[in-house]
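Novice: Next comes coords-v9.csv, CSV, C-alpha atoms:
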```
chain,number,residue,atom,x,y,z
L,390,MET,CA,-165.7,-62.4,-133.9
L,391,ASP,CA,-164.6,-65.9,-134.7
L,392,THR,CA,-165.0,-67.0,-138.3
L,393,GLU,CA,-166.8,-70.2,-137.3
L,394,THR,CA,-169.7,-68.3,-135.8
L,395,THR,CA,-170.4,-66.5,-139.1
L,396,PRO,CA,-170.2,-69.2,-141.8
L,397,SER,CA,-171.1,-68.0,-145.2
L,398,LYS,CA,-174.2,-69.3,-146.9
L,399,ARG,CA,-172.1,-71.1,-149.4
L,400,THR,CA,-170.0,-73.2,-147.0
L,401,GLY,CA,-172.8,-73.8,-144.5
L,402,GLY,CA,-172.8,-75.3,-141.0
L,403,ARG,CA,-171.2,-78.6,-141.7
L,404,SER,CA,-168.2,-77.0,-143.4
L,405,ALA,CA,-167.9,-74.4,-140.6
L,406,ALA,CA,-167.8,-77.3,-138.1
L,407,VAL,CA,-164.9,-78.9,-140.0
L,408,ILE,CA,-162.9,-75.7,-140.0
L,409,HIS,CA,-163.6,-75.3,-136.2
L,410,ASN,CA,-162.5,-78.9,-135.5
L,411,VAL,CA,-159.4,-78.7,-137.6
L,412,ARG,CA,-158.3,-75.4,-136.0
L,413,LYS,CA,-158.8,-76.9,-132.6
L,414,ALA,CA,-156.9,-80.0,-133.5
L,415,VAL,CA,-154.0,-78.0,-134.9
L,416,GLU,CA,-153.8,-75.8,-131.8
L,417,GLU,CA,-153.9,-78.8,-129.4
L,418,LEU,CA,-151.3,-80.8,-131.4
L,419,VAL,CA,-148.9,-77.9,-131.8
L,420,ARG,CA,-149.2,-77.3,-128.1
L,421,GLU,CA,-148.5,-80.9,-127.3
L,422,LYS,CA,-145.8,-81.7,-129.9
L,423,GLY,CA,-144.4,-78.5,-131.5
L,424,SER,CA,-145.3,-77.5,-135.0
L,425,GLU,CA,-142.6,-79.4,-136.7
L,426,ARG,CA,-143.8,-82.8,-135.5
L,427,VAL,CA,-147.5,-82.3,-136.5
L,428,THR,CA,-148.7,-84.1,-139.6
L,429,VAL,CA,-151.9,-83.9,-141.7
L,430,PRO,CA,-153.0,-87.5,-140.8
L,431,MET,CA,-152.6,-86.7,-137.1
L,432,ILE,CA,-154.7,-83.5,-137.5
L,433,ALA,CA,-157.4,-85.4,-139.4
L,434,GLU,CA,-157.6,-88.1,-136.8
L,435,ARG,CA,-157.9,-85.7,-133.9
L,436,ALA,CA,-160.5,-83.5,-135.8
L,437,GLY,CA,-162.5,-86.5,-136.9
L,438,VAL,CA,-162.3,-85.6,-140.6
L,439,ASN,CA,-160.8,-87.2,-143.7
L,440,PRO,CA,-157.2,-86.1,-144.6
L,441,THR,CA,-158.6,-85.4,-148.1
L,442,SER,CA,-160.9,-82.7,-146.7
L,443,ILE,CA,-157.8,-81.0,-145.3
L,444,TYR,CA,-155.8,-81.2,-148.5
L,445,ARG,CA,-158.8,-79.9,-150.5
L,446,ARG,CA,-159.4,-76.9,-148.3
L,447,TRP,CA,-155.8,-75.8,-147.4
L,448,GLY,CA,-153.6,-77.4,-150.0
L,449,ASP,CA,-150.8,-78.4,-147.6
L,450,LEU,CA,-149.8,-78.4,-144.0
L,451,PRO,CA,-147.7,-75.1,-144.1
L,452,THR,CA,-150.7,-73.2,-145.5
L,453,LEU,CA,-153.0,-74.7,-142.9
L,454,ILE,CA,-150.6,-73.7,-140.0
L,455,ASN,CA,-150.2,-70.2,-141.5
L,456,ASP,CA,-154.0,-69.9,-141.7
L,457,ILE,CA,-154.3,-70.7,-138.0
L,458,ALA,CA,-151.5,-68.4,-137.0
L,459,THR,CA,-153.2,-65.6,-138.8
L,460,TYR,CA,-156.6,-66.3,-137.4
L,461,ARG,CA,-155.4,-66.2,-133.8
L,462,LEU,CA,-154.6,-62.5,-133.7
L,463,ASP,CA,-157.9,-61.0,-134.9
L,464,PRO,CA,-157.2,-58.5,-137.7
L,465,ASN,CA,-160.6,-56.9,-137.0
L,466,ARG,CA,-159.8,-56.1,-133.3
L,467,ARG,CA,-159.8,-52.4,-132.3
L,468,LEU,CA,-156.5,-50.6,-132.5
L,469,PRO,CA,-155.3,-48.3,-129.7
L,470,GLU,CA,-156.4,-44.6,-130.0
L,471,HIS,CA,-154.3,-42.4,-127.9
L,472,ASP,CA,-153.4,-38.8,-128.5
L,473,ASP,CA,-149.8,-39.5,-129.3
L,474,ILE,CA,-148.0,-42.0,-131.6
L,475,ARG,CA,-145.7,-43.2,-128.8
L,476,GLU,CA,-148.7,-44.4,-126.7
L,477,ASP,CA,-150.4,-45.9,-129.7
L,478,LEU,CA,-147.3,-47.8,-130.8
L,479,ALA,CA,-146.4,-48.9,-127.3
L,480,ALA,CA,-149.9,-50.3,-126.7
L,481,TRP,CA,-150.0,-52.1,-130.0
L,482,ALA,CA,-146.5,-53.6,-129.5
L,483,ARG,CA,-147.4,-54.7,-126.0
L,484,GLU,CA,-150.4,-56.5,-127.4
L,485,LEU,CA,-148.2,-58.3,-129.9
L,486,VAL,CA,-145.7,-59.3,-127.2
L,487,GLU,CA,-148.6,-60.6,-125.0
L,488,HIS,CA,-150.0,-62.6,-127.9
L,489,TYR,CA,-146.7,-64.3,-128.7
L,490,ARG,CA,-145.7,-64.9,-125.1
L,491,LYS,CA,-148.3,-67.7,-125.1
L,492,PRO,CA,-146.3,-70.7,-126.2
L,493,VAL,CA,-148.9,-72.0,-128.6
L,494,ASN,CA,-148.9,-68.8,-130.6
L,495,ALA,CA,-145.1,-68.7,-130.7
L,496,ALA,CA,-145.1,-72.3,-131.9
L,497,LEU,CA,-147.6,-71.5,-134.7
L,498,LEU,CA,-145.5,-68.5,-135.8
L,499,ARG,CA,-142.4,-70.8,-136.0
L,500,GLY,CA,-144.4,-73.3,-138.0
L,501,GLY,CA,-145.5,-70.5,-140.3
L,502,ALA,CA,-141.9,-69.2,-140.6
L,503,SER,CA,-140.7,-72.5,-142.1
L,504,ALA,CA,-143.2,-72.0,-144.9
L,505,ALA,CA,-142.7,-68.3,-145.5
L,506,GLY,CA,-140.4,-66.6,-148.0
L,507,GLU,CA,-142.1,-67.4,-151.3
L,508,ARG,CA,-145.3,-65.6,-150.5
L,509,GLN,CA,-145.8,-63.0,-147.8
L,510,ALA,CA,-147.2,-64.5,-144.5
L,511,ASP,CA,-150.7,-63.0,-144.0
L,512,CYS,CA,-150.3,-62.4,-140.2
L,513,LEU,CA,-147.4,-60.2,-140.9
L,514,ARG,CA,-149.0,-58.3,-143.8
L,515,ASP,CA,-151.8,-57.4,-141.3
L,516,ARG,CA,-149.2,-56.0,-138.9
L,517,ARG,CA,-147.8,-53.8,-141.7
L,518,THR,CA,-151.3,-52.5,-142.5
L,519,GLU,CA,-151.9,-51.7,-138.8
L,520,ALA,CA,-148.6,-49.8,-138.6
L,521,GLY,CA,-149.9,-47.7,-141.6
L,522,MET,CA,-153.2,-47.1,-139.9
L,523,LEU,CA,-151.5,-45.9,-136.7
L,524,LEU,CA,-149.3,-43.5,-138.7
L,525,ALA,CA,-152.3,-42.2,-140.6
L,526,ARG,CA,-153.9,-41.1,-137.3
L,527,HIS,CA,-150.6,-39.2,-136.4
L,528,PRO,CA,-149.5,-37.5,-139.6
L,529,GLU,CA,-147.0,-35.4,-137.6
L,530,SER,CA,-144.9,-38.4,-136.7
L,531,ALA,CA,-141.3,-38.6,-138.1
L,532,VAL,CA,-141.2,-42.4,-138.6
L,533,THR,CA,-142.3,-44.6,-141.5
L,534,ALA,CA,-144.1,-47.9,-141.6
L,535,ASP,CA,-140.8,-49.6,-142.7
L,536,GLN,CA,-139.0,-48.1,-139.7
L,537,ILE,CA,-141.7,-49.5,-137.4
L,538,ILE,CA,-141.3,-52.9,-139.0
L,539,ASP,CA,-137.5,-52.9,-138.6
L,540,GLY,CA,-137.4,-51.2,-135.2
L,541,VAL,CA,-140.4,-52.8,-133.4
L,542,ILE,CA,-141.9,-55.7,-135.2
L,543,ALA,CA,-138.7,-57.4,-136.4
L,544,PRO,CA,-137.0,-57.5,-132.9
L,545,ILE,CA,-140.3,-58.8,-131.3
L,546,ILE,CA,-140.7,-61.6,-133.9
L,547,TYR,CA,-137.0,-62.4,-133.8
L,548,ARG,CA,-137.2,-63.0,-130.1
L,549,VAL,CA,-140.5,-64.9,-130.4
L,550,ILE,CA,-138.8,-67.3,-132.8
L,551,PHE,CA,-135.3,-67.6,-131.4
L,552,LEU,CA,-135.2,-66.1,-127.9
L,553,PRO,CA,-138.7,-66.3,-126.4
L,554,TRP,CA,-137.4,-66.1,-122.8
L,555,THR,CA,-136.1,-62.6,-123.5
L,556,LEU,CA,-139.7,-61.2,-124.1
L,557,ASP,CA,-140.7,-59.3,-120.9
L,558,ASP,CA,-143.0,-56.6,-119.7
L,559,THR,CA,-140.6,-53.8,-120.8
L,560,THR,CA,-139.7,-55.1,-124.3
L,561,ALA,CA,-142.5,-53.3,-126.2
L,562,ASP,CA,-141.9,-49.9,-124.5
L,563,ASP,CA,-138.1,-50.1,-124.8
L,564,LEU,CA,-138.3,-50.8,-128.6
L,565,VAL,CA,-140.8,-48.0,-129.2
L,566,ASP,CA,-138.7,-45.5,-127.1
L,567,ARG,CA,-135.6,-46.4,-129.0
L,568,LEU,CA,-137.4,-46.0,-132.4
L,569,LEU,CA,-138.8,-42.5,-131.5
L,570,ARG,CA,-135.6,-41.2,-129.7
W,644,MET,CA,-112.1,-74.9,-143.2
W,645,ASP,CA,-114.8,-77.5,-143.7
W,646,THR,CA,-115.4,-79.9,-140.9
W,647,GLU,CA,-115.3,-82.9,-143.2
W,648,THR,CA,-111.7,-82.3,-144.2
W,649,THR,CA,-110.6,-82.6,-140.5
W,650,PRO,CA,-112.4,-85.6,-139.1
W,651,SER,CA,-111.4,-86.5,-135.6
W,652,LYS,CA,-109.4,-89.6,-134.9
W,653,ARG,CA,-112.4,-91.1,-133.1
W,654,THR,CA,-114.9,-90.7,-135.9
W,655,GLY,CA,-112.5,-91.6,-138.7
W,656,GLY,CA,-112.9,-91.4,-142.5
W,657,ARG,CA,-116.0,-93.4,-143.0
W,658,SER,CA,-118.0,-91.4,-140.5
W,659,ALA,CA,-116.7,-88.1,-142.1
W,660,ALA,CA,-117.9,-89.3,-145.5
W,661,VAL,CA,-121.4,-90.0,-144.0
W,662,ILE,CA,-121.5,-86.4,-142.6
W,663,HIS,CA,-120.4,-85.0,-145.9
W,664,ASN,CA,-122.9,-87.0,-147.9
W,665,VAL,CA,-125.8,-86.2,-145.5
W,666,ARG,CA,-125.0,-82.4,-145.6
W,667,LYS,CA,-124.8,-82.4,-149.3
W,668,ALA,CA,-128.1,-84.3,-149.6
W,669,VAL,CA,-129.9,-81.9,-147.2
W,670,GLU,CA,-128.6,-78.8,-149.1
W,671,GLU,CA,-129.8,-80.3,-152.4
W,672,LEU,CA,-133.2,-81.4,-151.1
W,673,VAL,CA,-133.8,-78.1,-149.4
W,674,ARG,CA,-132.9,-76.2,-152.6
W,675,GLU,CA,-135.2,-78.5,-154.6
W,676,LYS,CA,-138.3,-78.8,-152.3
W,677,GLY,CA,-138.0,-76.2,-149.4
W,678,SER,CA,-137.1,-77.3,-145.9
W,679,GLU,CA,-140.6,-78.1,-144.8
W,680,ARG,CA,-141.0,-80.9,-147.4
W,681,VAL,CA,-137.8,-82.7,-146.7
W,682,THR,CA,-137.9,-85.9,-144.7
W,683,VAL,CA,-135.3,-88.1,-143.1
W,684,PRO,CA,-136.0,-91.1,-145.4
W,685,MET,CA,-135.5,-88.8,-148.4
W,686,ILE,CA,-132.2,-87.6,-147.1
W,687,ALA,CA,-131.0,-91.1,-146.3
W,688,GLU,CA,-131.9,-92.3,-149.8
W,689,ARG,CA,-130.1,-89.4,-151.5
W,690,ALA,CA,-127.0,-89.7,-149.2
W,691,GLY,CA,-126.9,-93.5,-149.6
W,692,VAL,CA,-127.0,-94.1,-145.8
W,693,ASN,CA,-129.4,-95.9,-143.5
W,694,PRO,CA,-132.0,-93.6,-141.8
W,695,THR,CA,-130.9,-95.1,-138.5
W,696,SER,CA,-127.5,-93.5,-138.9
W,697,ILE,CA,-129.1,-90.1,-139.3
W,698,TYR,CA,-131.3,-90.5,-136.2
W,699,ARG,CA,-128.3,-91.9,-134.2
W,700,ARG,CA,-126.1,-88.9,-135.0
W,701,TRP,CA,-128.5,-86.0,-135.1
W,702,GLY,CA,-131.5,-87.2,-133.1
W,703,ASP,CA,-134.1,-85.6,-135.4
W,704,LEU,CA,-134.6,-83.7,-138.5
W,705,PRO,CA,-134.9,-80.2,-137.0
W,706,THR,CA,-131.5,-80.8,-135.2
W,707,LEU,CA,-130.0,-81.9,-138.5
W,708,ILE,CA,-131.2,-78.9,-140.4
W,709,ASN,CA,-130.0,-76.6,-137.6
W,710,ASP,CA,-126.6,-78.2,-137.8
W,711,ILE,CA,-126.4,-77.5,-141.5
W,712,ALA,CA,-127.5,-73.9,-141.2
W,713,THR,CA,-124.9,-73.4,-138.6
W,714,TYR,CA,-122.1,-75.0,-140.6
W,715,ARG,CA,-122.7,-72.9,-143.7
W,716,LEU,CA,-121.7,-69.6,-142.1
W,717,ASP,CA,-118.2,-70.4,-140.9
W,718,PRO,CA,-117.9,-69.3,-137.2
W,719,ASN,CA,-114.1,-69.3,-137.6
W,720,ARG,CA,-113.9,-66.9,-140.5
W,721,ARG,CA,-112.1,-63.5,-140.0
W,722,LEU,CA,-114.1,-60.7,-138.7
W,723,PRO,CA,-113.8,-57.2,-140.2
W,724,GLU,CA,-111.0,-55.0,-138.7
W,725,HIS,CA,-111.6,-51.4,-139.5
W,726,ASP,CA,-110.7,-48.3,-137.4
W,727,ASP,CA,-114.2,-47.5,-136.5
W,728,ILE,CA,-117.2,-49.4,-135.3
W,729,ARG,CA,-119.5,-48.2,-138.1
W,730,GLU,CA,-117.2,-49.7,-140.8
W,731,ASP,CA,-116.9,-53.0,-138.9
W,732,LEU,CA,-120.6,-53.4,-138.2
W,733,ALA,CA,-121.5,-52.5,-141.8
W,734,ALA,CA,-119.0,-55.0,-143.3
W,735,TRP,CA,-120.2,-57.7,-140.9
W,736,ALA,CA,-123.9,-56.9,-141.6
W,737,ARG,CA,-123.3,-56.9,-145.4
W,738,GLU,CA,-121.7,-60.3,-145.1
W,739,LEU,CA,-124.8,-61.6,-143.3
W,740,VAL,CA,-127.1,-60.2,-145.9
W,741,GLU,CA,-125.0,-61.7,-148.8
W,742,HIS,CA,-125.0,-65.1,-147.1
W,743,TYR,CA,-128.8,-65.1,-146.6
W,744,ARG,CA,-129.6,-63.7,-150.1
W,745,LYS,CA,-128.7,-67.2,-151.4
W,746,PRO,CA,-132.0,-69.0,-151.4
W,747,VAL,CA,-130.6,-72.3,-150.0
W,748,ASN,CA,-129.2,-70.5,-146.9
W,749,ALA,CA,-132.5,-68.7,-146.4
W,750,ALA,CA,-134.4,-72.0,-146.7
W,751,LEU,CA,-132.1,-73.6,-144.1
W,752,LEU,CA,-132.7,-70.7,-141.7
W,753,ARG,CA,-136.5,-71.0,-142.1
W,754,GLY,CA,-136.1,-74.7,-141.4
W,755,GLY,CA,-134.1,-74.0,-138.3
W,756,ALA,CA,-136.6,-71.4,-137.2
W,757,SER,CA,-139.4,-73.9,-137.0
W,758,ALA,CA,-137.4,-76.0,-134.5
W,759,ALA,CA,-136.0,-73.0,-132.5
W,760,GLY,CA,-137.4,-71.5,-129.3
W,761,GLU,CA,-136.8,-74.3,-126.8
W,762,ARG,CA,-133.0,-74.1,-127.2
W,763,GLN,CA,-131.0,-71.2,-128.6
W,764,ALA,CA,-130.1,-71.8,-132.3
W,765,ASP,CA,-126.3,-72.1,-132.6
W,766,CYS,CA,-126.0,-70.0,-135.7
W,767,LEU,CA,-127.5,-67.1,-133.9
W,768,ARG,CA,-125.5,-67.5,-130.8
W,769,ASP,CA,-122.4,-67.2,-133.0
W,770,ARG,CA,-123.7,-63.8,-134.3
W,771,ARG,CA,-124.2,-62.6,-130.8
W,772,THR,CA,-120.6,-63.6,-129.9
W,773,GLU,CA,-119.3,-61.8,-133.0
W,774,ALA,CA,-121.2,-58.6,-132.0
W,775,GLY,CA,-119.5,-58.8,-128.6
W,776,MET,CA,-116.1,-59.2,-130.3
W,777,LEU,CA,-116.6,-56.2,-132.6
W,778,LEU,CA,-117.6,-54.1,-129.6
W,779,ALA,CA,-114.5,-55.3,-127.6
W,780,ARG,CA,-112.3,-53.8,-130.4
W,781,HIS,CA,-114.1,-50.4,-130.1
W,782,PRO,CA,-114.6,-49.8,-126.3
W,783,GLU,CA,-115.6,-46.2,-127.1
W,784,SER,CA,-118.8,-47.2,-128.9
W,785,ALA,CA,-122.1,-46.2,-127.3
W,786,VAL,CA,-124.1,-49.3,-128.4
W,787,THR,CA,-124.5,-52.6,-126.7
W,788,ALA,CA,-124.6,-56.2,-128.1
W,789,ASP,CA,-128.4,-56.3,-127.4
W,790,GLN,CA,-128.9,-53.1,-129.4
W,791,ILE,CA,-126.9,-54.6,-132.3
W,792,ILE,CA,-129.1,-57.7,-132.2
W,793,ASP,CA,-132.4,-55.7,-132.1
W,794,GLY,CA,-131.3,-53.0,-134.6
W,795,VAL,CA,-129.3,-54.9,-137.2
W,796,ILE,CA,-129.5,-58.7,-136.8
W,797,ALA,CA,-133.3,-58.9,-136.1
W,798,PRO,CA,-134.4,-56.8,-139.1
W,799,ILE,CA,-132.1,-58.8,-141.4
W,800,ILE,CA,-133.2,-62.2,-140.1
W,801,TYR,CA,-136.9,-61.0,-140.2
W,802,ARG,CA,-136.5,-60.1,-143.8
W,803,VAL,CA,-134.7,-63.3,-144.7
W,804,ILE,CA,-137.6,-65.3,-143.2
W,805,PHE,CA,-140.6,-63.3,-144.3
W,806,LEU,CA,-139.6,-60.7,-146.9
W,807,PRO,CA,-136.5,-62.0,-148.7
W,808,TRP,CA,-137.2,-59.8,-151.7
W,809,THR,CA,-136.6,-56.6,-149.6
W,810,LEU,CA,-133.0,-57.5,-148.9
W,811,ASP,CA,-130.8,-55.3,-151.1
W,812,ASP,CA,-127.3,-53.8,-151.4
W,813,THR,CA,-128.2,-50.9,-149.0
W,814,THR,CA,-130.0,-52.9,-146.3
W,815,ALA,CA,-126.9,-53.5,-144.1
W,816,ASP,CA,-125.6,-50.0,-144.2
W,817,ASP,CA,-129.0,-48.4,-143.6
W,818,LEU,CA,-129.6,-50.5,-140.5
W,819,VAL,CA,-126.1,-49.7,-139.1
W,820,ASP,CA,-126.6,-46.0,-139.8
W,821,ARG,CA,-129.9,-45.9,-138.0
W,822,LEU,CA,-128.4,-47.8,-135.0
W,823,LEU,CA,-125.5,-45.4,-134.6
W,824,ARG,CA,-127.5,-42.2,-135.4
```
Before anything else, please render the file you have as structure tokens.

Specialist:
Amino acid sequence: MDTETTPSKRTGGRSAAVIHNVRKAVEELVREKGSERVTVPMIAERAGVNPTSIYRRWGDLPTLINDIATYRLDPNRRLPEHDDIREDLAAWARELVEHYRKPVNAALLRGGASAAGERQADCLRDRRTEAGMLLARHPESAVTADQIIDGVIAPIIYRVIFLPWTLDDTTADDLVDRLLR
Amino acid sequence: MDTETTPSKRTGGRSAAVIHNVRKAVEELVREKGSERVTVPMIAERAGVNPTSIYRRWGDLPTLINDIATYRLDPNRRLPEHDDIREDLAAWARELVEHYRKPVNAALLRGGASAAGERQADCLRDRRTEAGMLLARHPESAVTADQIIDGVIAPIIYRVIFLPWTLDDTTADDLVDRLLR
């Protein structure tokens, strides 16, 4: 469920509308110009809000872009539930590949990458949590969450950032097969 | 050998000095502020050149940052030459980890990441070429260049960007061991 349909009592409808408009403006501008050419004044103008409101809520542009990149892959969506770990991991990895084959999602990830490093990017912390949840359903599996990050998530994210044209329909299954071989 | 010590006849000494000063300014500013907060006017002021000279030579800021990130890991350095592929790959991967454990190199890579995707980043194309050269010296090895990228380069670069504090003295050897197992 989208955050803007369930605004908290404290922030109220007007604030939720600001969040919605700012997110929409960022997505449009990143799609049109690429994340590295988007500025806060541009976003404010497109969203019809004051730049001060953006700085007050998000602090700076990298934090805002990171927030949008996180929001787009819903951390509350259902995870795959198959009988074996290979099927679960492959379905989960295919979902990630599909998500990042959309150019706007890849552009947002690249924008988030430029601000990462100091703190852990939220969208990737979610993926690590999900890897742990899949493993918990299959206690017999011989791989660890770290190995899933290195063997499946890292190659997908590396391609999204640097080689997006190499992501195809077999990428996810190939990486999972190699991990479990 | 540094590029600025061998300026071509055409560009001459003055132009080489501009390149040197701009590179130095970018490295200092990225170290001080992080790549996403550096602007062309800031670089021009620090380097003592006109912003126009920067735009004329590099086109835009992402291209400039990418150029610096490339330049810092010398593509003409000697590659390892051991008797077996495991030793060669491990030495090469350790060198990469060491390079990117320096915060300024990691910051430059993150800056380059935000501009990647449309074109292939030069610094990473060099790594792919190097993987091919190492394999050519060991024709008996059962891995491909793509597997080296997915299994060694991608996890290192992923950590550099998102989890730099997880890079340690065993990362390179662990990844190569897992690849060749």

Novice: Any idea which chain L residues end up within 7 Å of chain W if we count all atoms listed in the file, as a list in words please?

Specialist: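 Those within range of chain W come out as Glu425, Arg499, Gly500, Ala502, Ser503, Ala504, Ala505, Gly506, Gln509, Ala510, Asp539, Gly540, Ala543, Pro544, Tyr547, Ile550, Phe551, Leu552 and Pro553 of chain L.
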
Novice: If you measure from atom CA of Ala733 of chain W to atom CA of Asp816 of chain W, what distance in Å do you get, rounded to one decimal?

Specialist: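 So the two atoms, atom CA of Ala733 of chain W and atom CA of Asp816 of chain W, lie 5.4 Å apart.
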
Novice: Taking only C-alpha atoms into account, which of W:Thr813, W:Val819, W:Val673, W:Arg770 comes nearest Val786 of chain W?

Specialist: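 Selected residue with least distance to Val786 of chain W: W:Val819.
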
Novice: L:Ala436, L:Ile443, L:Ala561, L:Ala405: which is nearest Leu485 of chain L, counting all atoms listed in the file?

Specialist: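 Smallest distance to Leu485 of chain L is found for L:Ala561.
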
Novice: Hey, what's within 12 Å of Arg700 of chain W if we count all atoms listed in the file and toss same-chain stuff fewer than 5 positions away? As a ChimeraX atom specification, please?

Specialist: /W:654,658-659,661-662,665,693-695,706-707,710

Novice: Interatomic distance between atom CA of Leu810 of chain W and atom CA of Arg744 of chain W?

Specialist: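 Separation between atom CA of Leu810 of chain W and atom CA of Arg744 of chain W: 7.2 Å.
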
Novice: If I put a ball of radius 9 Å at (-152.5, -79.7, -137.6) in the file's coordinates, which residues poke into it when counting only C-alpha atoms, written as a list of chain:residue names?

Specialist: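 I get L:Val411, L:Arg412, L:Lys413, L:Ala414, L:Val415, L:Glu416, L:Glu417, L:Leu418, L:Val419, L:Ser424, L:Val427, L:Thr428, L:Val429, L:Pro430, L:Met431, L:Ile432, L:Ala433, L:Arg435, L:Leu450, L:Leu453, L:Ile454 for the residues within 9 Å of that point.
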
Novice: Quick one: distance from atom CA of Asp726 of chain W to atom CA of Asp817 of chain W in Å, one decimal?

Specialist: 19.3 Å

Novice: Restricting the calculation to only C-alpha atoms: of L:Ile474, L:Ala480, L:Val486, L:Leu462, which residue gets closest to Ala525 of chain L?

Specialist: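 Closest to Ala525 of chain L, using only C-alpha atoms: L:Ile474.
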
Novice: Pick out the residues sitting within 12 Å of Arg721 of chain W, and hand them over as number ranges by chain; count only C-alpha atoms, and ignore anything fewer than 6 positions along from it in its own chain.

Specialist: W: 644, 731, 734-735, 738, 773, 776-777
